[in-house]
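Undergrad: First, the structure itself, so that you have it in front of you.
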Amino acid sequence: MPSNIIEASWSSLEHVSQATRDYLNKPHQLLINGAWVAGLQGDTLDTCDPATGEKLASVAIGHENEVDLAVNAAATAFVGPWSALTHFERATLLSRLARLIEDHADTFTELEILDNGMPRFIAELTIKNIVEMFNYYAGAAQRIEGTTTNPPHHITAEAEALTYTIKEPVGVAGLIVPWNVPISTAVLKLAPALAAGCTVVIKPSEETPLSILLLGELTIQAGFPPGVVNIINGYGYDAGHRLAEHPLVDKISFTGSTATGRKVIAAAMGNLKKVSLELGGKSPVVIMPDADLSLVVPGIAMATFFLQGQNCMAGTRIFIHDSLHDECIQQLVAFTENLPLGHGLSPATFFGPLISKAHRDKVYSYIQKGIEEGATLVTGGQIPEGRGNFLAPTIFTDCSPEMTIVKEEIFGPVMTVQRFSTTDLDAVAAMANNTEYGLSGSVWTQNLATAHRLVARIRAGQVSINCHGAIATNIPFGGYGQSGWGREFGQEGLDAYLETKAVTARL
């Protein structure tokens with residue numbers, strides 16, 4: 001572990017492109033009805049590089065009044081020129097936006113690294129994926145189709161009838177975006193919403209607004225009509241709450257913690273708006289006795305420590321069979337202690353900072369709790385010297401189901417390991433399912449019959465075999481239990497922004 005990850009003289013802003021520096025120096029306001037405006041109260045917040053603490057930019061803040069203005073603009077746009085566009089014309093705008101993102105890929109990449117702290121390889125993959133998402137949903141927009149009954153049914157004893165269905169946009173969609181993968185999460189909501197014909201109000205996290213504001217600029221350049229895409233920077237308890245409760249908002253899509261998800265549900269009850277929730281996780285990773293350790297070790301390290309563990313599908317509950325436990329832990333510790341830590345701008349970095357000092361301190365308190373409750377700390381657990389919100393990747397063994405670090409979502413680089421001796425798949429699945437969450441999971445074995453039988457027993461929205469968190473634009477993603485409602489990505493992600501109308505005509 002390096003004693004000082006970033007030298008005191010190192011400045012991240014010296015290592016980015018001129019285009020990114022120019023963007024950071026611009027005013028960062030609220031996008032309402034196709035125009036950039038300052039907040040009515042004129043207040044701002046500073047967003048900083050979590051690796052160095054350097055100020056990146058000041059961002060205008062919106063409150064309830066600005067949310068009202070944005071929602072009214074979206075509601076007006078929904079019944080205005082936007083509603084007159086054909087599916088093909090909407091698809092053309094989405095494809096145009098995808099090309100503009102490609103043109104600005106380097107700036108998006110650097111903004112995600114600076115604002116969030118993610119390593120470069122993740123940021124580059126993220127920008128590639130959002131281009132893919134816009135192109136995918138551009139295609140999907142042209143295939144929004146209803147059905148007909150066949151043969152026609154009888155409406156009375158004397159008369160036949162024909163029934164068909166129409167897919168229509170839900171209306172105004174409020175999109176509440178977290179800080180951990182800001183531009184990706186925004187786009188996986190925005191792209192299907194626009195493809196469906198909805199208008200939107202986006203509330204980015206106050207921690208990471210910059211890339212989403214750049215995306216707003218490109219929606220204007222692409223030619224989306226005013227009011228179709230609105231962006232309100234602000235705090236969850238204020239702007240987020242107003243967006244969730246607003247009577248003119250027909251749909252809320254929220255990604256974040258389960259606790260905040262409950263608040264979103266309560267706020268949305270006023271007009272019984274449709275709600276999609278992608279919430280917390282405490283995903284099981286099951287290593288059977290015949291698993292290939294050459295796959296397991298890097299695979300579960302990535303499952304737990306990807307994005308510094310700040311992702312909802314992180315594999316943080318590891319179950320290792322007795323026959324492999326000691327060897328697996330030995331290799332895993334060696335692998336983890338060699339992960340390159342540093343600023344995300346460095347191509348060599350695998351492991352960057354946590355989003356903020358407050359969040360790092362929260363994760364560190366969980367580590368102390370794990371030690372107090374009797375888990376064995378085998379590596380990590382330290383806060384390195386120097387600037388930035390760094391925390392060493394951490395592995396605990398000798399864990400048990402009742403421990404706090406095993407039960408609660410930490411949202412940080414903390415792996416908990418439990419060992420087991422049975423080969424009874426029902427018993428193994430019972431261990432994996434001993435959680436209120438059900439978002440992701442994985443099974444590691446060379447026996448595909450065992451793999452498929454065990455996958456069928458694990459209650460989670462996404463379970464992988466000999467890999468973890470294998471998400472893609474066309475694969476639905478979401479959770480069971482307290483991991484949320486609904487699915488994102490793929491056709492199911494588009495359906496979340498569509499209503500089905502049945503039409504019956506007497507012949």
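The way I read the labels, and the way they are meant: chains A, B, ... in the order of the structure tokens, residue 1 as the first residue of every chain, and ligand 1 as the first ligand shown, with later ones counted on from there.
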For the contact check between range 63-171 of chain A and range 208-222 of chain A, emit one row per residue of range 63-171 of chain A within 9 Å, containing the shortest atom pair and the distance in Å rounded to one decimal, counting only C-alpha atoms, chain then rising number order, as a Markdown table.

TA:
```
| residue | atom | partner | partner_atom | distance |
| --- | --- | --- | --- | --- |
| A:Leu93 | CA | A:Ala222 | CA | 6.3 |
| A:Leu94 | CA | A:Ala222 | CA | 8.1 |
| A:Arg96 | CA | A:Ala222 | CA | 5.9 |
| A:Leu97 | CA | A:Ala222 | CA | 5.5 |
| A:Leu100 | CA | A:Leu218 | CA | 6.7 |
| A:Ile101 | CA | A:Leu218 | CA | 7.5 |
| A:Thr107 | CA | A:Ser211 | CA | 8.6 |
| A:Phe108 | CA | A:Ser211 | CA | 6.0 |
| A:Thr109 | CA | A:Ser211 | CA | 8.7 |
| A:Leu111 | CA | A:Ser211 | CA | 5.9 |
| A:Glu112 | CA | A:Ser211 | CA | 6.5 |
| A:Asp115 | CA | A:Thr208 | CA | 5.5 |
| A:Asn116 | CA | A:Thr208 | CA | 6.2 |
```

Undergrad: Quick one: residues within 12 Å of Gln18 in chain A, only C-alpha atoms counted, chain neighbours fewer than 4 positions away excluded, as a ChimeraX atom specification?

TA: /A:13-14,22-25,106-107,110

Undergrad: Please indicate the distance in Å from CA of Asn466 in chain A to CA of Val296 in chain A, rounded to one decimal place.

TA: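 Computing the Euclidean distance for CA of Asn466 in chain A and CA of Val296 in chain A yields 7.4 Å.
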
Undergrad: Using backbone DSSP assignments, extract all strand (DSSP E) residues from range 35-254 of chain A; output them as a ChimeraX atom specification.

TA: /A:35-37,44-48,55-60,153-154,160-169,172-176,199-203,229-231,251-254

Undergrad: Restricted to N, CA and C atoms, what would the selected residues look like written as a short mmCIF file (atom, residue, chain, number, x, y, z; two decimals), in the first residue's frame?

TA:
```cif
data_model
loop_
_atom_site.label_atom_id
_atom_site.label_comp_id
_atom_site.auth_asym_id
_atom_site.auth_seq_id
_atom_site.Cartn_x
_atom_site.Cartn_y
_atom_site.Cartn_z
N ALA A 35 -33.48 26.20 -22.32
CA ALA A 35 -32.59 27.32 -22.02
C ALA A 35 -31.85 27.06 -20.72
N TRP A 36 -30.61 27.56 -20.67
CA TRP A 36 -29.82 27.46 -19.44
C TRP A 36 -30.12 28.68 -18.57
N VAL A 37 -30.52 28.43 -17.33
CA VAL A 37 -30.91 29.51 -16.44
C VAL A 37 -30.28 29.29 -15.06
N THR A 44 -25.31 28.19 -5.37
CA THR A 44 -24.50 27.24 -6.11
C THR A 44 -23.85 26.26 -5.14
N LEU A 45 -23.31 25.21 -5.70
CA LEU A 45 -22.45 24.32 -4.91
C LEU A 45 -21.21 24.01 -5.73
N ASP A 46 -20.14 23.70 -5.03
CA ASP A 46 -18.89 23.33 -5.69
C ASP A 46 -18.81 21.82 -5.81
N THR A 47 -18.39 21.35 -6.96
CA THR A 47 -18.11 19.93 -7.13
C THR A 47 -16.59 19.76 -7.23
N CYS A 48 -16.08 18.74 -6.56
CA CYS A 48 -14.63 18.58 -6.39
C CYS A 48 -14.16 17.21 -6.84
N LYS A 55 -11.28 21.84 -6.43
CA LYS A 55 -12.55 22.31 -6.97
C LYS A 55 -12.52 22.19 -8.49
N LEU A 56 -13.60 21.63 -9.03
CA LEU A 56 -13.73 21.49 -10.48
C LEU A 56 -14.58 22.60 -11.07
N ALA A 57 -15.72 22.87 -10.43
CA ALA A 57 -16.64 23.87 -10.98
C ALA A 57 -17.68 24.21 -9.92
N SER A 58 -18.36 25.34 -10.12
CA SER A 58 -19.54 25.70 -9.33
C SER A 58 -20.78 25.45 -10.18
N VAL A 59 -21.80 24.89 -9.54
CA VAL A 59 -22.99 24.46 -10.26
C VAL A 59 -24.21 25.12 -9.63
N ALA A 60 -25.09 25.69 -10.46
CA ALA A 60 -26.32 26.28 -9.96
C ALA A 60 -27.21 25.21 -9.32
N HIS A 153 -63.35 -11.32 -31.62
CA HIS A 153 -64.24 -11.92 -30.63
C HIS A 153 -65.63 -11.33 -30.79
N HIS A 154 -66.59 -11.85 -30.02
CA HIS A 154 -67.98 -11.41 -30.09
C HIS A 154 -68.25 -10.44 -28.96
N GLU A 160 -69.78 -9.17 -34.04
CA GLU A 160 -68.36 -9.42 -33.80
C GLU A 160 -67.65 -8.10 -33.51
N ALA A 161 -66.45 -8.21 -32.96
CA ALA A 161 -65.65 -7.03 -32.67
C ALA A 161 -64.18 -7.35 -32.91
N LEU A 162 -63.44 -6.30 -33.18
CA LEU A 162 -61.99 -6.41 -33.34
C LEU A 162 -61.33 -5.60 -32.23
N THR A 163 -60.36 -6.22 -31.57
CA THR A 163 -59.63 -5.51 -30.52
C THR A 163 -58.15 -5.44 -30.89
N TYR A 164 -57.59 -4.26 -30.71
CA TYR A 164 -56.15 -4.10 -30.91
C TYR A 164 -55.60 -3.23 -29.80
N THR A 165 -54.29 -3.26 -29.63
CA THR A 165 -53.67 -2.46 -28.58
C THR A 165 -52.73 -1.43 -29.20
N ILE A 166 -52.59 -0.32 -28.49
CA ILE A 166 -51.70 0.76 -28.88
C ILE A 166 -50.73 1.01 -27.73
N LYS A 167 -49.47 1.18 -28.02
CA LYS A 167 -48.47 1.55 -27.03
C LYS A 167 -48.29 3.07 -27.05
N GLU A 168 -48.49 3.71 -25.91
CA GLU A 168 -48.41 5.15 -25.81
C GLU A 168 -47.43 5.55 -24.70
N PRO A 169 -46.77 6.69 -24.83
CA PRO A 169 -45.85 7.13 -23.78
C PRO A 169 -46.58 7.43 -22.49
N VAL A 172 -44.87 12.63 -18.57
CA VAL A 172 -43.68 13.28 -18.03
C VAL A 172 -42.99 12.31 -17.08
N ALA A 173 -41.70 12.09 -17.31
CA ALA A 173 -40.92 11.16 -16.48
C ALA A 173 -39.88 11.93 -15.68
N GLY A 174 -39.85 11.69 -14.37
CA GLY A 174 -38.81 12.24 -13.52
C GLY A 174 -37.72 11.20 -13.32
N LEU A 175 -36.48 11.56 -13.63
CA LEU A 175 -35.36 10.62 -13.58
C LEU A 175 -34.39 11.09 -12.49
N ILE A 176 -34.28 10.31 -11.43
CA ILE A 176 -33.42 10.68 -10.31
C ILE A 176 -32.19 9.77 -10.34
N THR A 199 -41.45 13.03 -22.15
CA THR A 199 -40.57 14.15 -21.86
C THR A 199 -40.03 13.94 -20.45
N VAL A 200 -38.90 14.58 -20.12
CA VAL A 200 -38.22 14.21 -18.89
C VAL A 200 -37.71 15.42 -18.12
N VAL A 201 -37.61 15.22 -16.81
CA VAL A 201 -36.87 16.10 -15.92
C VAL A 201 -35.85 15.24 -15.20
N ILE A 202 -34.57 15.55 -15.37
CA ILE A 202 -33.50 14.78 -14.75
C ILE A 202 -33.00 15.52 -13.52
N LYS A 203 -32.88 14.80 -12.41
CA LYS A 203 -32.22 15.36 -11.24
C LYS A 203 -30.94 14.58 -11.00
N VAL A 229 -36.20 17.70 -22.69
CA VAL A 229 -35.19 17.31 -21.71
C VAL A 229 -34.90 18.51 -20.81
N ASN A 230 -35.13 18.36 -19.52
CA ASN A 230 -34.87 19.39 -18.52
C ASN A 230 -33.96 18.80 -17.45
N ILE A 231 -33.05 19.61 -16.92
CA ILE A 231 -32.10 19.13 -15.91
C ILE A 231 -32.10 20.11 -14.74
N LYS A 251 -44.38 9.49 -14.08
CA LYS A 251 -43.49 8.33 -13.88
C LYS A 251 -42.22 8.80 -13.19
N ILE A 252 -41.78 8.05 -12.19
CA ILE A 252 -40.49 8.30 -11.54
C ILE A 252 -39.61 7.07 -11.73
N SER A 253 -38.39 7.31 -12.16
CA SER A 253 -37.38 6.26 -12.20
C SER A 253 -36.25 6.68 -11.28
N PHE A 254 -36.00 5.88 -10.26
CA PHE A 254 -35.02 6.24 -9.24
C PHE A 254 -33.99 5.14 -9.09
#
```

Undergrad: For range 123-130 of chain A, please output as a VMD selection string all residues within 10 Å (counting only C-alpha atoms; exclusion window: fewer than 5 positions along the same chain).

TA: chain A and resid 98 101 to 102 104 to 113 116 to 118 135 to 136 181 to 188 191 307 344 to 345 472 to 473

Undergrad: Would you please extract all helix (DSSP H, G or I) residues from range 119-335 of chain A, as assigned by DSSP on the backbone, and give them as a PyMOL selection string?

TA: chain A and resi 120-141+182-196+210-222+236-245+258-271+293-309+322-335

Undergrad: Quick one: everything within 8 Å of Val297 in chain A, counting only C-alpha atoms, minus sequence neighbours fewer than 5 positions away in the same chain. Send it as a list in words.

TA: Cys328, Gln331, Leu332 and Phe335 of chain A

Undergrad: I'd like the contact shell of Phe477 in chain A - 8 Å cut-off, only C-alpha atoms, skipping same-chain residues fewer than 2 positions apart - returned as a VMD selection string.

TA: chain A and resid 461 to 462 471 475 479 487 to 489

Undergrad: For the selection just defined, write its residues with N, CA and C atoms to a file, as an mmCIF file, in the first residue's frame.

TA:
```
data_model
loop_
_atom_site.group_PDB
_atom_site.id
_atom_site.type_symbol
_atom_site.label_atom_id
_atom_site.label_comp_id
_atom_site.auth_asym_id
_atom_site.auth_seq_id
_atom_site.Cartn_x
_atom_site.Cartn_y
_atom_site.Cartn_z
ATOM 1 N N GLY A 461 -32.447 -10.799 -9.387
ATOM 2 C CA GLY A 461 -32.855 -10.425 -10.725
ATOM 3 C C GLY A 461 -31.844 -10.768 -11.795
ATOM 4 N N GLN A 462 -30.590 -10.963 -11.396
ATOM 5 C CA GLN A 462 -29.547 -11.286 -12.358
ATOM 6 C C GLN A 462 -28.531 -12.196 -11.679
ATOM 7 N N ILE A 471 -23.800 -7.278 -17.238
ATOM 8 C CA ILE A 471 -24.882 -6.464 -17.767
ATOM 9 C C ILE A 471 -24.582 -6.035 -19.198
ATOM 10 N N ILE A 475 -29.929 -6.661 -21.993
ATOM 11 C CA ILE A 475 -30.242 -7.626 -20.931
ATOM 12 C C ILE A 475 -30.971 -6.912 -19.807
ATOM 13 N N GLY A 479 -34.119 -5.975 -9.540
ATOM 14 C CA GLY A 479 -33.983 -6.844 -8.386
ATOM 15 C C GLY A 479 -35.264 -7.420 -7.829
ATOM 16 N N ARG A 487 -37.601 -3.297 -14.159
ATOM 17 C CA ARG A 487 -36.355 -3.628 -14.840
ATOM 18 C C ARG A 487 -35.916 -2.473 -15.729
ATOM 19 N N GLU A 488 -34.603 -2.347 -15.900
ATOM 20 C CA GLU A 488 -34.029 -1.398 -16.840
ATOM 21 C C GLU A 488 -33.214 -2.169 -17.864
ATOM 22 N N PHE A 489 -32.815 -1.480 -18.915
ATOM 23 C CA PHE A 489 -32.141 -2.067 -20.072
ATOM 24 C C PHE A 489 -33.138 -2.904 -20.890
#
```

Undergrad: With distances taken over only C-alpha atoms, which residue among A:Gly197, A:Gly486, A:Pro204, A:Gly42 lies nearest Trp179 in chain A?

TA: A:Pro204

Undergrad: Which of these, A:Phe351, A:Pro50, A:Cys198, A:Ala19, has the shortest distance to Leu498 in chain A once you count only C-alpha atoms?

TA: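 Closest to Leu498 in chain A of all the choices is A:Cys198.
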
Undergrad: Separation of CA of Gly240 in chain A and CA of Pro27 in chain A, in Å?

TA: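 Interatomic distance here is 22.3 Å.
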
Undergrad: From the options A:Ile410, A:Thr504, A:Gly484, A:Val378, which residue's atoms come nearest to Ile395 in chain A, counting only C-alpha atoms?

TA: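 Selected residue with least distance to Ile395 in chain A: A:Val378.
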
Undergrad: Leaving out Pro353 in chain A and any residue of its chain fewer than 6 positions from it, which residues lie within 12 Å of it when counting only C-alpha atoms, given as an mmCIF file with N, CA and C atoms, in the first residue's frame?

TA:
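The file below, selection.cif, is the result:
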```cif
data_model
loop_
_atom_site.group_PDB
_atom_site.id
_atom_site.type_symbol
_atom_site.label_atom_id
_atom_site.label_comp_id
_atom_site.auth_asym_id
_atom_site.auth_seq_id
_atom_site.Cartn_x
_atom_site.Cartn_y
_atom_site.Cartn_z
ATOM 1 N N ILE A 5 -0.645 8.360 -2.092
ATOM 2 C CA ILE A 5 -1.097 7.952 -3.416
ATOM 3 C C ILE A 5 -0.879 9.049 -4.438
ATOM 4 N N ILE A 6 -1.140 10.286 -4.043
ATOM 5 C CA ILE A 6 -0.977 11.404 -4.953
ATOM 6 C C ILE A 6 -0.023 12.413 -4.336
ATOM 7 N N ASP A 49 -12.892 17.129 -7.179
ATOM 8 C CA ASP A 49 -12.246 15.873 -7.543
ATOM 9 C C ASP A 49 -12.037 15.047 -6.271
ATOM 10 N N PRO A 50 -12.666 13.881 -6.148
ATOM 11 C CA PRO A 50 -12.512 13.088 -4.921
ATOM 12 C C PRO A 50 -11.118 12.520 -4.719
ATOM 13 N N ALA A 51 -10.274 12.559 -5.762
ATOM 14 C CA ALA A 51 -8.908 12.051 -5.626
ATOM 15 C C ALA A 51 -7.946 13.094 -5.091
ATOM 16 N N THR A 52 -8.293 14.374 -5.259
ATOM 17 C CA THR A 52 -7.371 15.432 -4.833
ATOM 18 C C THR A 52 -8.018 16.487 -3.954
ATOM 19 N N GLY A 53 -9.328 16.568 -3.980
ATOM 20 C CA GLY A 53 -10.024 17.623 -3.262
ATOM 21 C C GLY A 53 -10.097 18.926 -4.029
ATOM 22 N N ILE A 113 -14.216 10.814 -14.698
ATOM 23 C CA ILE A 113 -13.068 10.538 -13.829
ATOM 24 C C ILE A 113 -12.922 11.640 -12.780
ATOM 25 N N LEU A 114 -12.979 12.889 -13.214
ATOM 26 C CA LEU A 114 -12.759 14.008 -12.298
ATOM 27 C C LEU A 114 -13.880 14.137 -11.273
ATOM 28 N N ASP A 115 -15.111 14.001 -11.709
ATOM 29 C CA ASP A 115 -16.254 14.272 -10.836
ATOM 30 C C ASP A 115 -16.570 13.093 -9.926
ATOM 31 N N ASN A 116 -16.298 11.879 -10.408
ATOM 32 C CA ASN A 116 -16.679 10.674 -9.671
ATOM 33 C C ASN A 116 -15.489 9.955 -9.048
ATOM 34 N N GLY A 117 -14.325 10.015 -9.687
ATOM 35 C CA GLY A 117 -13.163 9.297 -9.184
ATOM 36 C C GLY A 117 -12.951 7.938 -9.817
ATOM 37 N N MET A 118 -13.803 7.559 -10.782
ATOM 38 C CA MET A 118 -13.675 6.230 -11.376
ATOM 39 C C MET A 118 -12.390 6.115 -12.187
ATOM 40 N N PRO A 119 -11.811 4.913 -12.247
ATOM 41 C CA PRO A 119 -10.634 4.693 -13.089
ATOM 42 C C PRO A 119 -10.954 4.904 -14.568
ATOM 43 N N ASN A 180 -22.803 7.207 -8.468
ATOM 44 C CA ASN A 180 -21.741 6.214 -8.661
ATOM 45 C C ASN A 180 -21.378 5.981 -10.128
ATOM 46 N N PHE A 305 -14.685 -5.229 -5.920
ATOM 47 C CA PHE A 305 -13.922 -3.973 -5.882
ATOM 48 C C PHE A 305 -14.092 -3.095 -7.117
ATOM 49 N N PHE A 306 -14.865 -3.555 -8.104
ATOM 50 C CA PHE A 306 -15.142 -2.731 -9.273
ATOM 51 C C PHE A 306 -15.763 -1.405 -8.837
ATOM 52 N N LEU A 307 -15.223 -0.306 -9.316
ATOM 53 C CA LEU A 307 -15.684 1.029 -8.947
ATOM 54 C C LEU A 307 -15.596 1.248 -7.432
ATOM 55 N N GLN A 308 -14.526 0.697 -6.839
ATOM 56 C CA GLN A 308 -14.272 0.823 -5.401
ATOM 57 C C GLN A 308 -15.422 0.256 -4.565
ATOM 58 N N GLY A 309 -16.127 -0.727 -5.114
ATOM 59 C CA GLY A 309 -17.255 -1.318 -4.400
ATOM 60 C C GLY A 309 -18.478 -0.434 -4.365
ATOM 61 N N GLN A 310 -18.439 0.692 -5.056
ATOM 62 C CA GLN A 310 -19.552 1.637 -5.046
ATOM 63 C C GLN A 310 -20.520 1.310 -6.180
ATOM 64 N N PRO A 340 -3.485 -1.737 -8.544
ATOM 65 C CA PRO A 340 -2.926 -0.372 -8.580
ATOM 66 C C PRO A 340 -3.950 0.655 -8.119
ATOM 67 N N LEU A 341 -3.590 1.411 -7.082
ATOM 68 C CA LEU A 341 -4.423 2.492 -6.572
ATOM 69 C C LEU A 341 -3.899 3.822 -7.091
ATOM 70 N N GLY A 342 -4.799 4.755 -7.372
ATOM 71 C CA GLY A 342 -4.342 6.066 -7.803
ATOM 72 C C GLY A 342 -5.446 6.880 -8.415
ATOM 73 N N HIS A 343 -5.074 7.967 -9.035
ATOM 74 C CA HIS A 343 -6.034 8.833 -9.707
ATOM 75 C C HIS A 343 -6.562 8.140 -10.953
ATOM 76 N N GLY A 344 -7.843 8.294 -11.207
ATOM 77 C CA GLY A 344 -8.448 7.640 -12.354
ATOM 78 C C GLY A 344 -7.901 8.081 -13.692
ATOM 79 N N LEU A 345 -7.274 9.254 -13.752
ATOM 80 C CA LEU A 345 -6.713 9.710 -15.016
ATOM 81 C C LEU A 345 -5.528 8.867 -15.460
ATOM 82 N N HIS A 359 -18.403 9.701 2.825
ATOM 83 C CA HIS A 359 -18.713 8.312 2.472
ATOM 84 C C HIS A 359 -17.567 7.390 2.854
ATOM 85 N N ARG A 360 -16.323 7.835 2.635
ATOM 86 C CA ARG A 360 -15.181 7.009 3.045
ATOM 87 C C ARG A 360 -15.225 6.741 4.547
ATOM 88 N N ILE A 383 -6.854 3.687 5.809
ATOM 89 C CA ILE A 383 -6.963 4.922 5.050
ATOM 90 C C ILE A 383 -5.544 5.381 4.749
ATOM 91 N N PRO A 384 -5.120 5.357 3.499
ATOM 92 C CA PRO A 384 -3.738 5.739 3.169
ATOM 93 C C PRO A 384 -3.471 7.207 3.481
ATOM 94 N N GLY A 386 -2.084 11.004 2.747
ATOM 95 C CA GLY A 386 -2.126 11.857 1.574
ATOM 96 C C GLY A 386 -3.526 12.351 1.276
ATOM 97 N N ARG A 387 -3.629 13.066 0.168
ATOM 98 C CA ARG A 387 -4.901 13.651 -0.212
ATOM 99 C C ARG A 387 -5.835 12.609 -0.804
ATOM 100 N N GLY A 388 -7.091 12.995 -0.886
ATOM 101 C CA GLY A 388 -8.062 12.151 -1.562
ATOM 102 C C GLY A 388 -8.808 11.228 -0.620
ATOM 103 N N ASN A 389 -9.929 10.704 -1.126
ATOM 104 C CA ASN A 389 -10.833 9.874 -0.324
ATOM 105 C C ASN A 389 -10.557 8.389 -0.547
ATOM 106 N N PHE A 390 -9.292 8.010 -0.392
ATOM 107 C CA PHE A 390 -8.892 6.629 -0.667
ATOM 108 C C PHE A 390 -9.095 5.738 0.553
ATOM 109 N N LEU A 391 -9.391 4.484 0.267
ATOM 110 C CA LEU A 391 -9.530 3.462 1.302
ATOM 111 C C LEU A 391 -9.067 2.149 0.698
ATOM 112 N N ALA A 392 -8.185 1.461 1.382
ATOM 113 C CA ALA A 392 -7.624 0.222 0.834
ATOM 114 C C ALA A 392 -8.707 -0.843 0.676
ATOM 115 N N PRO A 393 -8.690 -1.599 -0.435
ATOM 116 C CA PRO A 393 -9.642 -2.704 -0.592
ATOM 117 C C PRO A 393 -9.475 -3.710 0.536
ATOM 118 N N GLY A 412 -19.005 0.044 -0.549
ATOM 119 C CA GLY A 412 -17.590 0.346 -0.532
ATOM 120 C C GLY A 412 -16.795 -0.931 -0.722
ATOM 121 N N PRO A 413 -15.459 -0.839 -0.723
ATOM 122 C CA PRO A 413 -14.605 -1.975 -1.069
ATOM 123 C C PRO A 413 -14.374 -2.931 0.093
#
```

Undergrad: What is the distance between CA of Val363 in chain A and CA of Gln382 in chain A, in Å to one decimal?

TA: 10.9 Å

Undergrad: What's around Ala239 in chain A at 10 Å? Count only C-alpha atoms, leave out sequence neighbours fewer than 4 positions away in its own chain, and write the answer as an MDAnalysis selection string.

TA: chainID A and resid 61:68 176 203 232:235 243:244

Undergrad: For those residues, write C-alpha atoms to a file as a PDB file, in the first residue's frame.

TA:
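Result saved to result08.pdb:
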```pdb
ATOM      1  CA  ILE A  61     -28.786  24.699  -7.555  1.00  0.00           C
ATOM      2  CA  GLY A  62     -32.514  24.332  -8.123  1.00  0.00           C
ATOM      3  CA  HIS A  63     -35.212  23.990  -5.505  1.00  0.00           C
ATOM      4  CA  GLU A  64     -38.938  23.266  -5.568  1.00  0.00           C
ATOM      5  CA  ASN A  65     -39.801  26.309  -7.695  1.00  0.00           C
ATOM      6  CA  GLU A  66     -37.298  25.331 -10.391  1.00  0.00           C
ATOM      7  CA  VAL A  67     -38.642  21.780 -10.382  1.00  0.00           C
ATOM      8  CA  ASP A  68     -42.127  23.194 -10.930  1.00  0.00           C
ATOM      9  CA  ILE A 176     -33.416  10.679 -10.309  1.00  0.00           C
ATOM     10  CA  LYS A 203     -32.216  15.361 -11.243  1.00  0.00           C
ATOM     11  CA  ILE A 232     -32.400  20.383 -12.339  1.00  0.00           C
ATOM     12  CA  ASN A 233     -29.318  20.159 -10.141  1.00  0.00           C
ATOM     13  CA  GLY A 234     -30.261  19.992  -6.506  1.00  0.00           C
ATOM     14  CA  TYR A 235     -30.528  18.012  -3.324  1.00  0.00           C
ATOM     15  CA  LEU A 243     -39.998  15.827  -8.440  1.00  0.00           C
ATOM     16  CA  ALA A 244     -41.228  12.573  -6.891  1.00  0.00           C
TER      17      ALA A 244
END
```

Undergrad: Considering only C-alpha atoms, state which residue in the set A:Val170, A:Val264, A:Ala429, A:Ala375 is at the smallest distance from Met403 in chain A.

TA: A:Ala375
